[in-house]
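To start, the structure itself, in structure tokens.
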Amino acid sequence: MNSRQQNIPIVSSDDNIPSSSNNNNISLSFDCNIHDRVSNSENNSEVTVYDSTCTIGTLSRNIEVEDMHQCYNDDNSSSEAEDDKTVEDDSIDYVEARILTEYFEKLQNHIVKDGKQGPQEYDQKHNTFWIEPPSPFFALYSGPADPKKLYYPRVFLWSPHRLVTTVLKCPNCRQKLNSKGFNTNPRAHRVVDIDSCFYIMSSRYRCTNKSCKTSLNAYDNRILEQLPLHLQAEFPAYLTHRSAVSKHLGDLLRIVMQNGMGVHRLQRALREFHTLRHSRLHLQYLNSLVHRQQYPTFHDIPHGSNPIIYKRFSSFKDPEGYAGYIPSTRYLRLMYTALIDQLRPLMDKELAILDGIILKGDHSFKVPKHMAKLGGLSAFTALYTLCDEYEEIRLQLLVPTKSTTHLEAPLKEMMNSYHLYNHQQPDLFFTDNVKGDRRLLERSLLSLKRTLHTNNNHAHNIQQSTNVDLQKHPVPFLQLPSNVSISLIQSNDQVEQAVQAI
Ligand SMILES: [Zn+2]
């Protein structure tokens with residue numbers, strides 16, 4: 001497991017990856033539903049007093065996350081279609097707005113002037129990665145009124161080679177990488193945050209090995225992996241190929257998805273936040289114009305016969321103005337899948353270190369119904385979940401049939417994990433299909449047989465006292481506690497009376 005993956009932005013090769021290619025993720029929020037299902041089945045199940053020493057292995061899951069989200073998303077599908085129509089996903093065809101290009105070019109030229117010392121933002125006086133635009137009040141305070149000053153975004157300056165003492169190496173040939181300055185097309189990578197977008201202005205590196213010709217950005221995973229962890233932690237975004245979300249938004253995305261809010265509602269909330277910020281800036285600009293009317297500066301006094309004409313504040317999406325952008329639900333879902341994909345090794349690890357003496361397993365047929373179908377047919381018929389006595393999921397996998405053959409290998413891996421962590425072996429296993437599962441469980445979870453053997457001695461004693469045939473009933477009978485009485489109810493009246501007595 002690579003613990004650093006938490007801090008590494010995600011760079012996928014293509015934003016258009018179909019969900020089926022990311023089919024190995026599962027959301028934690030999903031757990032509670034599974035628990036319900038398993039505990040329900042437990043109530044109806046036969047009780048097998050198997051004694052076991054179990055096994056628990058690594059989690060084996062093949063779940064199509066995107067469809068799982070739909071399963072637990074309470075938004076209706078028509079609103080999804082509506083959202084996808086009304087909010088265009090320009091993350092695919094992103095073209096840098098001219099006003100931004102000019103702004104970034106100015107910043108880059110300024111940084112180049114700083115020379116070998118690198119960006120002045122990195123020096124002791126500033127100690128920051130961020131270039132913040134002036135606050136709106138100050139931006140409008142002096143000079144001619146120009147809304148352009150309010151369109152400038154925050155910029156994250158990422159030139160990690162300036163900040164490490166080691167040499168960054170080419171991921172292909174391990175030769176030294178040289179900086180070739182900042183990217184110029186586009187000049188910065190857009191990142192969607194909670195109420196606005198910021199931009200990552202990154203250095204680009206080229207391999208010094210002439211036959212290699214590798215060239216990559218400073219935000220590439222293969223560069224980030226070479227940095228000290230505390231420097232990696234400064235990187236503020238989760239990236240896909242052409243777009244990105246801030247860590248704040250990415251973390252929020254994970255939380256809302258796992259608490260039933262759903263990607264559509266989050267997208268609407270983002271639309272509200274982003275447009276609200278735009279509206280507030282617009283209002284602030286208009287108020288500043290009113291103020292200028294009352295207290296004109298040199299720039300507000302007409303010279304000659306031409307009246308002063310102030311520029312309009314642009315619309316939210318105007319690429320020549322504010323250039324606002326809200327990601328589509330599709331993009332947010334893709335991002336969530338990518339995020340969970342990164343977290344999956346950690347989640348698997350969490351599951352693998354769980355122990356469980358009492359296990360319970362059952363098939364659920366609900367989830368596959370919500371999954372995408374191939375040629376009208378489901379690839380899977382059931383979701384098998386195995387929980388421990390604390391209702392923690394210990395093993396989970398989608399299976400094409402209810403046959404136990406699909407469970408054998410995962411159970412074996414689970415067993416290996418038990419041995420690896422020196423967990424106490426399972427003693428009991430609850431299932432609603434005792435006859436069907438018995439052979440598999442005894443073969444896979446050897447500790448069940450061991451306990452069974454122990455219990456056989458106990459059963460023998462019971463047999464002596466109750467004349468039960470040990471061959472037919474190798475497992476001891478459950479005995480009712482002494483304070484429980486049995487009454488036979490045969491009529492409706494008796495049922496009513498019994499219910500009244502509860
Ligand atoms: Zn190279």
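Within each chain, counting starts at residue 1; across the structure tokens, chains are named A, B, ... in the order shown, with ligands numbered 1 upward in that order.
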>> Please find the residues contacting ligand 1 at a distance of at most 6 Å between atoms, with only C-alpha atoms and all ligand atoms counted, and report them as a list in words.
In response: Cys170, Asn172, Cys173, Gln175, Cys207, Asn209, Cys212 and Thr214 of chain A
Distance table requested - segment 83-192 of chain A against segment 292-309 of chain A, cut-off 8 Å, only C-alpha atoms: one row per qualifying residue with the closest atom pair and its distance in Å to one decimal, ordered by chain and rising residue number, as CSV.
residue,atom,partner,partner_atom,distance
A:Gly143,CA,A:His299,CA,6.6
A:Pro144,CA,A:His299,CA,5.3
A:Ala145,CA,A:His299,CA,7.9
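Here atom CA of Lys247 of chain A is placed at a distance of 22.8 Å from atom CA of His126 of chain A.
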